[in-house]
$ cat structure-v8.cif   # mmCIF, C-alpha atoms
data_work
#
loop_
_atom_site.group_PDB
_atom_site.id
_atom_site.type_symbol
_atom_site.label_atom_id
_atom_site.label_comp_id
_atom_site.auth_asym_id
_atom_site.auth_seq_id
_atom_site.Cartn_x
_atom_site.Cartn_y
_atom_site.Cartn_z
ATOM 1 C CA MET A 104 53.855 43.365 96.877
ATOM 2 C CA GLY A 105 51.925 42.661 93.717
ATOM 3 C CA ALA A 106 48.609 41.460 92.453
ATOM 4 C CA ILE A 107 47.094 38.097 93.321
ATOM 5 C CA GLN A 108 47.373 35.306 90.779
ATOM 6 C CA ASN A 109 43.970 33.874 89.997
ATOM 7 C CA LYS A 110 43.186 30.186 89.987
ATOM 8 C CA LEU A 111 41.217 29.349 86.858
ATOM 9 C CA ALA A 112 38.229 27.054 87.028
ATOM 10 C CA GLY A 113 39.529 24.972 84.109
ATOM 11 C CA PRO A 114 40.173 25.171 80.386
ATOM 12 C CA VAL A 115 37.249 26.791 78.630
ATOM 13 C CA SER A 116 38.281 26.190 75.026
ATOM 14 C CA ASP A 117 36.123 23.147 74.513
ATOM 15 C CA GLU A 118 33.366 24.166 76.913
ATOM 16 C CA LEU A 119 31.250 25.497 74.074
ATOM 17 C CA ALA A 120 31.685 22.289 72.075
ATOM 18 C CA LEU A 121 30.494 20.262 75.091
ATOM 19 C CA VAL A 122 27.506 22.558 75.585
ATOM 20 C CA GLN A 123 26.539 22.290 71.921
ATOM 21 C CA ALA A 124 26.856 18.508 71.971
ATOM 22 C CA ALA A 125 24.740 18.369 75.153
ATOM 23 C CA LYS A 126 22.121 20.545 73.459
ATOM 24 C CA ARG A 127 21.951 18.007 70.634
ATOM 25 C CA GLY A 128 21.158 15.340 73.208
ATOM 26 C CA ASP A 129 24.608 13.938 73.949
ATOM 27 C CA ASP A 130 24.348 13.088 77.643
ATOM 28 C CA SER A 131 27.975 12.081 77.934
ATOM 29 C CA ALA A 132 28.902 15.662 76.975
ATOM 30 C CA PHE A 133 26.649 16.958 79.730
ATOM 31 C CA GLU A 134 28.181 14.477 82.166
ATOM 32 C CA GLU A 135 31.585 15.888 81.263
ATOM 33 C CA LEU A 136 30.313 19.367 82.189
ATOM 34 C CA VAL A 137 29.126 17.953 85.530
ATOM 35 C CA ARG A 138 32.551 16.405 86.079
ATOM 36 C CA ARG A 139 34.221 19.687 85.255
ATOM 37 C CA TYR A 140 32.222 21.941 87.554
ATOM 38 C CA ASP A 141 30.680 19.808 90.323
ATOM 39 C CA ARG A 142 33.426 20.635 92.822
ATOM 40 C CA ASN A 143 33.076 24.363 92.197
ATOM 41 C CA VAL A 144 29.292 24.281 92.528
ATOM 42 C CA PHE A 145 29.546 22.269 95.751
ATOM 43 C CA ARG A 146 32.030 24.728 97.282
ATOM 44 C CA ILE A 147 29.956 27.751 96.327
ATOM 45 C CA ALA A 148 26.775 26.098 97.630
ATOM 46 C CA GLN A 149 28.322 25.114 100.947
ATOM 47 C CA HIS A 150 29.787 28.574 101.422
ATOM 48 C CA ILE A 151 26.354 30.124 100.925
ATOM 49 C CA THR A 152 24.170 27.596 102.760
ATOM 50 C CA GLN A 153 26.749 26.625 105.418
ATOM 51 C CA ASN A 154 25.152 23.198 105.371
ATOM 52 C CA ARG A 155 26.500 20.102 103.686
ATOM 53 C CA GLU A 156 23.182 18.407 102.908
ATOM 54 C CA ASP A 157 21.832 21.603 101.404
ATOM 55 C CA ALA A 158 24.998 21.919 99.326
ATOM 56 C CA GLU A 159 24.527 18.371 97.994
ATOM 57 C CA ASP A 160 20.938 19.212 97.044
ATOM 58 C CA VAL A 161 22.047 22.423 95.366
ATOM 59 C CA VAL A 162 24.586 20.539 93.224
ATOM 60 C CA GLN A 163 21.879 18.175 92.003
ATOM 61 C CA GLU A 164 19.225 20.821 91.491
ATOM 62 C CA ALA A 165 21.552 23.264 89.729
ATOM 63 C CA PHE A 166 22.775 20.684 87.194
ATOM 64 C CA LEU A 167 19.269 19.350 86.668
ATOM 65 C CA LYS A 168 17.973 22.855 86.024
ATOM 66 C CA ALA A 169 20.857 23.583 83.674
ATOM 67 C CA TYR A 170 20.087 20.343 81.805
ATOM 68 C CA GLY A 171 16.395 21.145 81.513
ATOM 69 C CA ASN A 172 17.028 24.700 80.341
ATOM 70 C CA LEU A 173 20.016 24.086 78.108
ATOM 71 C CA ALA A 174 18.020 25.056 75.011
ATOM 72 C CA GLN A 175 17.515 28.509 76.531
ATOM 73 C CA PHE A 176 21.209 29.045 77.197
ATOM 74 C CA GLN A 177 22.239 31.691 74.686
ATOM 75 C CA GLU A 178 25.986 30.936 74.504
ATOM 76 C CA GLN A 179 26.778 34.642 74.821
ATOM 77 C CA SER A 180 28.191 34.084 78.283
ATOM 78 C CA LYS A 181 30.275 31.200 79.578
ATOM 79 C CA PHE A 182 28.314 28.089 80.546
ATOM 80 C CA TYR A 183 30.093 28.116 83.907
ATOM 81 C CA THR A 184 28.916 31.666 84.720
ATOM 82 C CA TRP A 185 25.352 30.678 83.781
ATOM 83 C CA LEU A 186 25.598 27.543 85.943
ATOM 84 C CA VAL A 187 26.948 29.548 88.899
ATOM 85 C CA ARG A 188 23.998 31.918 88.598
ATOM 86 C CA ILE A 189 21.575 28.984 88.808
ATOM 87 C CA ALA A 190 23.495 27.460 91.740
ATOM 88 C CA VAL A 191 23.635 30.737 93.701
ATOM 89 C CA ASN A 192 19.879 31.184 93.311
ATOM 90 C CA GLU A 193 19.207 27.609 94.449
ATOM 91 C CA ALA A 194 21.544 28.062 97.429
ATOM 92 C CA LEU A 195 19.896 31.331 98.480
ATOM 93 C CA MET A 196 16.498 29.641 98.299
ATOM 94 C CA LYS A 197 17.756 26.932 100.658
ATOM 95 C CA LEU A 198 19.075 29.556 103.026
ATOM 96 C CA ARG A 199 15.756 31.409 103.019
ATOM 97 C CA ARG A 200 13.878 28.207 103.747
ATOM 98 C CA ARG A 201 16.183 27.410 106.624
ATOM 99 C CA ARG A 202 16.155 30.896 108.086
ATOM 100 C CA PRO A 203 12.702 32.277 107.258
ATOM 101 C CA GLU A 204 12.964 34.797 110.060
ATOM 102 C CA ARG A 205 15.812 36.561 108.304
ATOM 103 C CA THR A 206 15.546 38.089 104.886
ATOM 104 C CA VAL A 207 18.316 36.723 102.761
ATOM 105 C CA SER A 208 19.126 38.752 99.721
ATOM 106 C CA LEU A 209 22.117 39.704 97.686
ATOM 107 C CA ASP A 210 20.696 43.209 97.559
ATOM 108 C CA GLU A 211 20.793 43.727 101.302
ATOM 109 C CA GLU A 212 21.648 47.218 102.288
ATOM 110 C CA ILE A 213 25.324 47.999 102.356
ATOM 111 C CA LYS A 214 26.310 49.203 105.776
ATOM 112 C CA THR A 215 28.050 52.474 106.456
ATOM 113 C CA GLU A 216 31.586 53.098 105.306
ATOM 114 C CA ASP A 217 33.276 52.666 108.653
ATOM 115 C CA ASP A 218 32.012 49.167 109.454
ATOM 116 C CA SER A 219 34.729 47.548 107.442
ATOM 117 C CA LEU A 220 37.553 49.952 108.084
ATOM 118 C CA PRO A 221 40.487 48.109 109.584
ATOM 119 C CA ARG A 222 40.253 48.181 113.340
ATOM 120 C CA GLU A 223 43.209 45.973 114.038
ATOM 121 C CA ILE A 224 46.416 46.926 112.306
ATOM 122 C CA ALA A 225 48.842 44.597 114.105
ATOM 123 C CA ASP A 226 50.954 42.494 111.779
ATOM 124 C CA TRP A 227 50.612 38.740 111.396
ATOM 125 C CA SER A 228 53.271 36.173 112.036
ATOM 126 C CA PRO A 229 55.263 35.221 108.916
ATOM 127 C CA ASN A 230 53.435 31.976 108.038
ATOM 128 C CA PRO A 231 50.285 32.210 110.137
ATOM 129 C CA GLU A 232 48.574 29.194 108.591
ATOM 130 C CA GLN A 233 51.441 26.974 109.722
ATOM 131 C CA GLN A 234 50.639 27.699 113.370
ATOM 132 C CA TYR A 235 47.631 25.411 113.080
ATOM 133 C CA THR A 236 46.872 21.900 111.912
ATOM 134 C CA GLN A 237 44.912 21.562 108.665
ATOM 135 C CA ALA A 238 41.758 20.713 110.609
ATOM 136 C CA GLU A 239 42.171 23.679 112.980
ATOM 137 C CA LEU A 240 42.832 26.015 110.079
ATOM 138 C CA ARG A 241 39.753 24.836 108.201
ATOM 139 C CA GLU A 242 37.644 25.390 111.299
ATOM 140 C CA ILE A 243 39.006 28.916 111.731
ATOM 141 C CA LEU A 244 38.437 29.794 108.068
ATOM 142 C CA SER A 245 34.979 28.279 107.994
ATOM 143 C CA LYS A 246 33.876 29.986 111.212
ATOM 144 C CA THR A 247 35.299 33.307 110.114
ATOM 145 C CA ILE A 248 33.633 33.414 106.697
ATOM 146 C CA GLN A 249 30.308 32.288 108.200
ATOM 147 C CA GLY A 250 30.238 35.564 110.110
ATOM 148 C CA LEU A 251 29.971 37.594 106.914
ATOM 149 C CA PRO A 252 26.536 38.523 105.522
ATOM 150 C CA PRO A 253 25.561 36.157 102.642
ATOM 151 C CA GLY A 254 25.859 38.961 100.070
ATOM 152 C CA PHE A 255 29.455 39.625 101.071
ATOM 153 C CA ARG A 256 30.620 36.041 101.384
ATOM 154 C CA THR A 257 29.079 35.084 98.052
ATOM 155 C CA VAL A 258 31.009 37.833 96.251
ATOM 156 C CA PHE A 259 34.220 36.859 98.060
ATOM 157 C CA VAL A 260 33.809 33.162 97.234
ATOM 158 C CA LEU A 261 33.087 33.727 93.539
ATOM 159 C CA ARG A 262 35.833 36.290 93.087
ATOM 160 C CA ASP A 263 38.614 35.148 95.370
ATOM 161 C CA VAL A 264 38.050 31.436 95.957
ATOM 162 C CA GLU A 265 36.640 30.401 92.574
ATOM 163 C CA GLY A 266 38.580 32.956 90.550
ATOM 164 C CA LEU A 267 35.718 34.459 88.535
ATOM 165 C CA SER A 268 36.465 37.911 87.135
ATOM 166 C CA THR A 269 34.685 40.958 88.549
ATOM 167 C CA GLU A 270 32.519 41.084 85.417
ATOM 168 C CA GLU A 271 31.656 37.374 85.602
ATOM 169 C CA THR A 272 30.806 37.707 89.297
ATOM 170 C CA ALA A 273 28.569 40.686 88.506
ATOM 171 C CA ALA A 274 26.835 38.711 85.743
ATOM 172 C CA ALA A 275 26.398 35.605 87.901
ATOM 173 C CA LEU A 276 24.912 37.600 90.787
ATOM 174 C CA GLU A 277 23.029 40.116 88.641
ATOM 175 C CA LEU A 278 24.835 42.955 90.402
ATOM 176 C CA SER A 279 26.617 45.974 88.945
ATOM 177 C CA VAL A 280 30.421 45.950 88.698
ATOM 178 C CA PRO A 281 30.754 48.792 91.269
ATOM 179 C CA ALA A 282 28.500 46.846 93.669
ATOM 180 C CA VAL A 283 30.713 43.762 93.302
ATOM 181 C CA LYS A 284 33.866 45.810 93.898
ATOM 182 C CA SER A 285 32.427 47.523 96.939
ATOM 183 C CA ARG A 286 31.275 44.247 98.499
ATOM 184 C CA LEU A 287 34.534 42.547 97.669
ATOM 185 C CA LEU A 288 36.563 45.242 99.433
ATOM 186 C CA ARG A 289 34.400 45.029 102.536
ATOM 187 C CA ALA A 290 34.420 41.240 102.554
ATOM 188 C CA ARG A 291 38.202 41.118 102.202
ATOM 189 C CA LEU A 292 38.763 43.709 104.941
ATOM 190 C CA GLN A 293 36.302 42.107 107.343
ATOM 191 C CA LEU A 294 37.830 38.669 106.865
ATOM 192 C CA ARG A 295 41.316 40.108 107.318
ATOM 193 C CA ASP A 296 40.231 41.843 110.499
ATOM 194 C CA ARG A 297 38.663 38.686 111.938
ATOM 195 C CA LEU A 298 41.507 36.369 110.940
ATOM 196 C CA GLY A 299 43.912 38.752 112.665
ATOM 197 C CA ARG A 300 42.659 37.413 115.992
ATOM 198 C CA TYR A 301 44.165 34.050 115.158
ATOM 199 C CA PHE A 302 47.156 35.066 113.079
ATOM 200 C CA GLN A 303 48.597 38.070 114.921
ATOM 201 C CA LYS A 304 52.169 38.051 116.052
ATOM 202 C CA ARG A 305 52.337 37.034 119.665
ATOM 203 C CA GLU A 306 55.103 38.240 121.893
ATOM 204 C CA GLY A 307 57.278 35.512 123.307
ATOM 205 C CA ALA A 308 55.053 32.736 121.981
ATOM 206 C CA ASN A 309 55.756 30.231 119.270
ATOM 207 C CA GLY A 310 52.504 31.331 117.731
ATOM 208 C CA LYS A 311 50.346 28.447 118.858
ATOM 209 C CA SER A 312 46.933 29.730 119.836
ATOM 210 C CA SER A 313 45.308 28.278 122.907
ATOM 211 C CA ASN A 314 41.678 28.933 122.001
ATOM 212 C CA VAL A 315 41.034 27.728 118.488
ATOM 213 C CA THR A 316 37.756 26.073 119.297
ATOM 214 C CA SER A 317 36.474 28.423 121.983
ATOM 215 C CA GLY A 318 37.513 31.691 120.346
ATOM 216 C CA ASP A 319 34.679 33.438 118.577
ATOM 217 C CA GLY A 320 35.914 34.740 115.265
ATOM 218 C CA ASN A 321 32.515 36.051 114.252
ATOM 219 C CA LYS A 322 31.811 38.874 116.643
ATOM 220 C CA MET B 281 47.867 59.579 98.510
ATOM 221 C CA LYS B 282 46.027 59.490 101.854
ATOM 222 C CA CYS B 283 45.249 56.322 103.826
ATOM 223 C CA SER B 284 41.553 56.551 102.917
ATOM 224 C CA GLU B 285 42.452 56.821 99.233
ATOM 225 C CA PHE B 286 44.733 53.802 99.554
ATOM 226 C CA LEU B 287 41.821 51.809 100.963
ATOM 227 C CA GLN B 288 39.598 52.764 98.036
ATOM 228 C CA GLU B 289 42.225 51.519 95.582
ATOM 229 C CA LEU B 290 43.231 48.390 97.530
ATOM 230 C CA THR B 291 40.947 45.960 95.699
ATOM 231 C CA ASN B 292 42.009 47.231 92.272
ATOM 232 C CA TYR B 293 45.645 47.044 93.345
ATOM 233 C CA LEU B 294 45.391 43.454 94.578
ATOM 234 C CA ASP B 295 43.514 42.501 91.424
ATOM 235 C CA GLY B 296 46.259 44.032 89.290
ATOM 236 C CA VAL B 297 43.943 46.414 87.441
ATOM 237 C CA LEU B 298 45.288 49.780 88.637
ATOM 238 C CA ASP B 299 46.595 52.233 86.068
ATOM 239 C CA GLU B 300 50.352 52.772 86.241
ATOM 240 C CA LYS B 301 50.201 56.287 87.741
ATOM 241 C CA THR B 302 47.895 55.289 90.627
ATOM 242 C CA LYS B 303 49.913 52.135 91.212
ATOM 243 C CA VAL B 304 53.108 54.163 91.633
ATOM 244 C CA GLU B 305 51.342 56.557 94.024
ATOM 245 C CA LEU B 306 49.962 53.648 96.021
ATOM 246 C CA GLU B 307 53.299 51.866 96.265
ATOM 247 C CA ASN B 308 54.923 55.137 97.279
ATOM 248 C CA HIS B 309 52.328 55.432 100.060
ATOM 249 C CA LEU B 310 53.042 51.854 101.168
ATOM 250 C CA SER B 311 56.774 52.577 101.338
ATOM 251 C CA TRP B 312 56.349 54.997 104.243
ATOM 252 C CA CYS B 313 52.929 54.166 105.798
ATOM 253 C CA HIS B 314 53.454 51.044 107.883
ATOM 254 C CA ASN B 315 49.777 50.605 108.836
ATOM 255 C CA CYS B 316 48.625 50.584 105.221
ATOM 256 C CA TYR B 317 51.477 48.255 104.316
ATOM 257 C CA VAL B 318 50.312 45.807 106.981
ATOM 258 C CA VAL B 319 46.666 46.076 105.877
ATOM 259 C CA CYS B 320 47.677 45.461 102.263
ATOM 260 C CA ASP B 321 49.960 42.545 103.091
ATOM 261 C CA THR B 322 47.538 40.795 105.447
ATOM 262 C CA THR B 323 44.574 41.322 103.097
ATOM 263 C CA LYS B 324 46.576 39.645 100.359
ATOM 264 C CA LYS B 325 47.404 36.792 102.761
ATOM 265 C CA THR B 326 43.725 36.493 103.702
ATOM 266 C CA ILE B 327 42.788 35.959 100.063
ATOM 267 C CA GLU B 328 45.607 33.487 99.470
ATOM 268 C CA ILE B 329 44.812 31.478 102.596
ATOM 269 C CA TYR B 330 41.158 31.115 101.580
ATOM 270 C CA ARG B 331 42.016 30.342 97.984
ATOM 271 C CA ASP B 332 44.494 27.622 98.971
ATOM 272 C CA SER B 333 42.484 26.277 101.904
ATOM 273 C CA GLN B 334 40.618 23.465 100.118
ATOM 274 C CA LEU B 335 37.657 24.309 102.301
ATOM 275 C CA TYR B 336 34.564 22.260 101.414
ATOM 276 C CA GLU B 337 36.209 19.846 99.013
ATOM 277 C CA LEU B 338 33.775 17.336 97.554
ATOM 278 C CA PRO B 339 34.877 13.811 98.601
ATOM 279 C CA GLU B 340 35.336 11.459 95.620
ATOM 280 C CA ASP B 341 32.784 8.848 96.769
ATOM 281 C CA LEU B 342 30.100 11.456 97.329
ATOM 282 C CA ARG B 343 31.051 13.065 94.050
ATOM 283 C CA GLY B 344 30.442 9.827 92.186
ATOM 284 C CA ARG B 345 27.077 9.282 93.901
ATOM 285 C CA LEU B 346 25.949 12.826 93.132
ATOM 286 C CA ARG B 347 26.978 12.580 89.502
ATOM 287 C CA SER B 348 25.154 9.312 88.927
ATOM 288 C CA ALA B 349 22.036 10.706 90.686
ATOM 289 C CA ILE B 350 22.193 13.794 88.463
ATOM 290 C CA MET B 351 22.520 11.771 85.261
ATOM 291 C CA THR B 352 19.700 9.407 86.262
ATOM 292 C CA LYS B 353 17.388 12.342 86.959
ATOM 293 C CA CYS B 354 18.404 14.021 83.704
ATOM 294 C CA GLN B 355 17.424 10.911 81.776
ATOM 295 C CA GLN B 356 14.082 10.700 83.607
ATOM 296 C CA GLN B 357 13.493 14.343 82.777
ATOM 297 C CA LYS B 358 14.314 13.729 79.131
ATOM 298 C CA LYS B 359 11.727 10.941 78.945
ATOM 299 C CA ARG B 360 9.068 13.181 80.464
ATOM 300 C CA GLY B 361 9.825 15.955 77.987
ATOM 301 C CA PRO B 362 11.161 19.491 78.409
ATOM 302 C CA GLN B 363 7.838 21.044 79.505
ATOM 303 C CA SER B 364 7.966 19.218 82.848
ATOM 304 C CA VAL B 365 11.082 21.029 84.064
#
$ encode --input "structure-v8.cif" --output "structure tokens"
Amino acid sequence: MGAIQNKLAGPVSDELALVQAAKRGDDSAFEELVRRYDRNVFRIAQHITQNREDAEDVVQEAFLKAYGNLAQFQEQSKFYTWLVRIAVNEALMKLRRRRPERTVSLDEEIKTEDDSLPREIADWSPNPEQQYTQAELREILSKTIQGLPPGFRTVFVLRDVEGLSTEETAAALELSVPAVKSRLLRARLQLRDRLGRYFQKREGANGKSSNVTSGDGNK
Amino acid sequence: MKCSEFLQELTNYLDGVLDEKTKVELENHLSWCHNCYVVCDTTKKTIEIYRDSQLYELPEDLRGRLRSAIMTKCQQQKKRGPQSV
């Protein structure tokens, strides 16, 4: 069992050239940056806001803000990391507006050690995702990740879904590297624990679950 | 290595950033501790399933509409000048 292979967001070699051209006023260069990262920003935004309309707004607002502040971008970090930082902030603002009764912060207190310790050790069936249709699987995954606190799911999405490095994730979220690592471990273990309800080996069954839509993966 | 120590190193192990000595100790632990092996294996699967899930893909038609809205607004912003951001 080895390390996970990361999916890269895209070639970065000419990113700087595009950014510099956009700074000089070349809108087609900026449009190319939009083309390159719009899918990533949309995914991140929908993961955080859990709302499609909000995610669409975040995509527009994040790129517009990046465009308006391009002169301030120092080119010491990657444009993509800077853009993600803007998008995460916009998405958190949406979430706060939608749920004013709950404080939404990336700095929320980390719970005690034992809350993410594995409770369920049972093994999964060999290809658990194949037990479900694509639509069922997406529903399970979406419902399961929604149950995580925003600070945890944001770290998981940037690190494990979008493939940012630990350092880039820390920079994008303005967190320390140890804080990112700690949240990532808890997010991974909590998701694993919750997915186990759907993916566990079942005795004498062909693996098909009977309660995909009624089962609550978020408790 | 104890189970609690394995858990502390799990993220570094899955990310491939463990030093060689700790990696050997961890893999030795996994070779006899079935529970930790299962936790490690299913955590890795969890990450892979999410990464490959194509959850929240942006549909092409919406993508096109968003991009043209963004570029239109950028041009309006440019006309107004940078101070109005």
$ resolve_selection --input "structure-v8.cif" --expression "the PyMOL selection byres ((chain B and resi 319-329) around 9)" --output "JSON, numbers by chain"
{"A": [104, 106, 107, 221, 223, 224, 225, 226, 227, 232, 244, 259, 263, 264, 291, 292, 294, 295, 296, 298, 299], "B": [287, 290, 294, 310, 314, 315, 316, 317, 318, 330, 331, 332, 333]}
$ write_last_selection --input "structure-v8.cif" --atoms "C-alpha atoms" --output "PDB file, in the frame of the given file"
ATOM      1  CA  MET A 104      53.855  43.365  96.877  1.00  0.00           C
ATOM      2  CA  ALA A 106      48.609  41.460  92.453  1.00  0.00           C
ATOM      3  CA  ILE A 107      47.094  38.097  93.321  1.00  0.00           C
ATOM      4  CA  PRO A 221      40.487  48.109 109.584  1.00  0.00           C
ATOM      5  CA  GLU A 223      43.209  45.973 114.038  1.00  0.00           C
ATOM      6  CA  ILE A 224      46.416  46.926 112.306  1.00  0.00           C
ATOM      7  CA  ALA A 225      48.842  44.597 114.105  1.00  0.00           C
ATOM      8  CA  ASP A 226      50.954  42.494 111.779  1.00  0.00           C
ATOM      9  CA  TRP A 227      50.612  38.740 111.396  1.00  0.00           C
ATOM     10  CA  GLU A 232      48.574  29.194 108.591  1.00  0.00           C
ATOM     11  CA  LEU A 244      38.437  29.794 108.068  1.00  0.00           C
ATOM     12  CA  PHE A 259      34.220  36.859  98.060  1.00  0.00           C
ATOM     13  CA  ASP A 263      38.614  35.148  95.370  1.00  0.00           C
ATOM     14  CA  VAL A 264      38.050  31.436  95.957  1.00  0.00           C
ATOM     15  CA  ARG A 291      38.202  41.118 102.202  1.00  0.00           C
ATOM     16  CA  LEU A 292      38.763  43.709 104.941  1.00  0.00           C
ATOM     17  CA  LEU A 294      37.830  38.669 106.865  1.00  0.00           C
ATOM     18  CA  ARG A 295      41.316  40.108 107.318  1.00  0.00           C
ATOM     19  CA  ASP A 296      40.231  41.843 110.499  1.00  0.00           C
ATOM     20  CA  LEU A 298      41.507  36.369 110.940  1.00  0.00           C
ATOM     21  CA  GLY A 299      43.912  38.752 112.665  1.00  0.00           C
TER      22      GLY A 299
ATOM     23  CA  LEU B 287      41.821  51.809 100.963  1.00  0.00           C
ATOM     24  CA  LEU B 290      43.231  48.390  97.530  1.00  0.00           C
ATOM     25  CA  LEU B 294      45.391  43.454  94.578  1.00  0.00           C
ATOM     26  CA  LEU B 310      53.042  51.854 101.168  1.00  0.00           C
ATOM     27  CA  HIS B 314      53.454  51.044 107.883  1.00  0.00           C
ATOM     28  CA  ASN B 315      49.777  50.605 108.836  1.00  0.00           C
ATOM     29  CA  CYS B 316      48.625  50.584 105.221  1.00  0.00           C
ATOM     30  CA  TYR B 317      51.477  48.255 104.316  1.00  0.00           C
ATOM     31  CA  VAL B 318      50.312  45.807 106.981  1.00  0.00           C
ATOM     32  CA  TYR B 330      41.158  31.115 101.580  1.00  0.00           C
ATOM     33  CA  ARG B 331      42.016  30.342  97.984  1.00  0.00           C
ATOM     34  CA  ASP B 332      44.494  27.622  98.971  1.00  0.00           C
ATOM     35  CA  SER B 333      42.484  26.277 101.904  1.00  0.00           C
TER      36      SER B 333
END
$ atom_distance --input "structure-v8.cif" --atom1 "CA of Phe176 (chain A)" --atom2 "CA of Thr269 (chain A)"
21.3 Å
$ residues_near_point --input "structure-v8.cif" --point "(12.8, 16.2, 84.9)" --cutoff "12 Å" --atoms "all atoms listed in the file" --output "count of residues only"
25
$ residues_near_point --input "structure-v8.cif" --point "(26.6, 20.1, 96.4)" --cutoff "6 Å" --atoms "only C-alpha atoms" --output "ChimeraX atom specification"
/A:145,158-162
$ atom_distance --input "structure-v8.cif" --atom1 "CA of Tyr140 (chain A)" --atom2 "CA of Arg289 (chain A)"
27.6 Å
$ resolve_selection --input "structure-v8.cif" --expression "the PyMOL selection byres ((chain A and resi 260) around 10)" --output "MDAnalysis selection string"
(chainID A and resid 146:148 150:151 248 255:259 261:267 272 287 290) or (chainID B and resid 327 330:331)
$ write_last_selection --input "structure-v8.cif" --atoms "C-alpha atoms" --output "PDB file, keeping the file's coordinate frame"
ATOM      1  CA  ARG A 146      32.030  24.728  97.282  1.00  0.00           C
ATOM      2  CA  ILE A 147      29.956  27.751  96.327  1.00  0.00           C
ATOM      3  CA  ALA A 148      26.775  26.098  97.630  1.00  0.00           C
ATOM      4  CA  HIS A 150      29.787  28.574 101.422  1.00  0.00           C
ATOM      5  CA  ILE A 151      26.354  30.124 100.925  1.00  0.00           C
ATOM      6  CA  ILE A 248      33.633  33.414 106.697  1.00  0.00           C
ATOM      7  CA  PHE A 255      29.455  39.625 101.071  1.00  0.00           C
ATOM      8  CA  ARG A 256      30.620  36.041 101.384  1.00  0.00           C
ATOM      9  CA  THR A 257      29.079  35.084  98.052  1.00  0.00           C
ATOM     10  CA  VAL A 258      31.009  37.833  96.251  1.00  0.00           C
ATOM     11  CA  PHE A 259      34.220  36.859  98.060  1.00  0.00           C
ATOM     12  CA  LEU A 261      33.087  33.727  93.539  1.00  0.00           C
ATOM     13  CA  ARG A 262      35.833  36.290  93.087  1.00  0.00           C
ATOM     14  CA  ASP A 263      38.614  35.148  95.370  1.00  0.00           C
ATOM     15  CA  VAL A 264      38.050  31.436  95.957  1.00  0.00           C
ATOM     16  CA  GLU A 265      36.640  30.401  92.574  1.00  0.00           C
ATOM     17  CA  GLY A 266      38.580  32.956  90.550  1.00  0.00           C
ATOM     18  CA  LEU A 267      35.718  34.459  88.535  1.00  0.00           C
ATOM     19  CA  THR A 272      30.806  37.707  89.297  1.00  0.00           C
ATOM     20  CA  LEU A 287      34.534  42.547  97.669  1.00  0.00           C
ATOM     21  CA  ALA A 290      34.420  41.240 102.554  1.00  0.00           C
TER      22      ALA A 290
ATOM     23  CA  ILE B 327      42.788  35.959 100.063  1.00  0.00           C
ATOM     24  CA  TYR B 330      41.158  31.115 101.580  1.00  0.00           C
ATOM     25  CA  ARG B 331      42.016  30.342  97.984  1.00  0.00           C
TER      26      ARG B 331
END
$ atom_distance --input "structure-v8.cif" --atom1 "CA of Ala274 (chain A)" --atom2 "CA of Glu135 (chain A)"
23.7 Å
$ residues_around --input "structure-v8.cif" --residues "Ala190 (chain A)" --least-positions-apart "3" --cutoff "7 Å" --atoms "all atoms listed in the file" --output "PyMOL selection string"
chain A and resi 144+148+161+165+186-187+193-194
$ write_last_selection --input "structure-v8.cif" --atoms "C-alpha atoms" --output "PDB file, in the frame of the given file"
ATOM      1  CA  VAL A 144      29.292  24.281  92.528  1.00  0.00           C
ATOM      2  CA  ALA A 148      26.775  26.098  97.630  1.00  0.00           C
ATOM      3  CA  VAL A 161      22.047  22.423  95.366  1.00  0.00           C
ATOM      4  CA  ALA A 165      21.552  23.264  89.729  1.00  0.00           C
ATOM      5  CA  LEU A 186      25.598  27.543  85.943  1.00  0.00           C
ATOM      6  CA  VAL A 187      26.948  29.548  88.899  1.00  0.00           C
ATOM      7  CA  GLU A 193      19.207  27.609  94.449  1.00  0.00           C
ATOM      8  CA  ALA A 194      21.544  28.062  97.429  1.00  0.00           C
TER       9      ALA A 194
END
$ closest_residue --input "structure-v8.cif" --among "A:Glu178, A:Leu195, A:Arg297, A:Leu276" --to "chain B" --atoms "only C-alpha atoms"
A:Arg297
$ closest_residue --input "structure-v8.cif" --among "B:Thr291, B:Gly344, B:Glu305, B:Trp312" --to "chain A" --atoms "all atoms listed in the file"
B:Thr291
$ closest_residue --input "structure-v8.cif" --among "B:Glu340, B:Leu335, B:Cys283, B:His309" --to "chain A" --atoms "only C-alpha atoms"
B:Leu335
$ closest_residue --input "structure-v8.cif" --among "A:Arg142, A:Lys126, A:Arg200, A:Lys181" --to "Glu271 (chain A)" --atoms "all atoms listed in the file"
A:Lys181
$ residues_around --input "structure-v8.cif" --residues "Ser245 (chain A)" --least-positions-apart "2" --cutoff "9 Å" --atoms "all atoms listed in the file" --output "number ranges by chain"
A: 150, 153, 240-243, 247-250; B: 335-336
$ write_last_selection --input "structure-v8.cif" --atoms "C-alpha atoms" --output "mmCIF file, in the coordinates of the input"
data_model
loop_
_atom_site.group_PDB
_atom_site.id
_atom_site.type_symbol
_atom_site.label_atom_id
_atom_site.label_comp_id
_atom_site.auth_asym_id
_atom_site.auth_seq_id
_atom_site.Cartn_x
_atom_site.Cartn_y
_atom_site.Cartn_z
ATOM 1 C CA HIS A 150 29.787 28.574 101.422
ATOM 2 C CA GLN A 153 26.749 26.625 105.418
ATOM 3 C CA LEU A 240 42.832 26.015 110.079
ATOM 4 C CA ARG A 241 39.753 24.836 108.201
ATOM 5 C CA GLU A 242 37.644 25.390 111.299
ATOM 6 C CA ILE A 243 39.006 28.916 111.731
ATOM 7 C CA THR A 247 35.299 33.307 110.114
ATOM 8 C CA ILE A 248 33.633 33.414 106.697
ATOM 9 C CA GLN A 249 30.308 32.288 108.200
ATOM 10 C CA GLY A 250 30.238 35.564 110.110
ATOM 11 C CA LEU B 335 37.657 24.309 102.301
ATOM 12 C CA TYR B 336 34.564 22.260 101.414
#
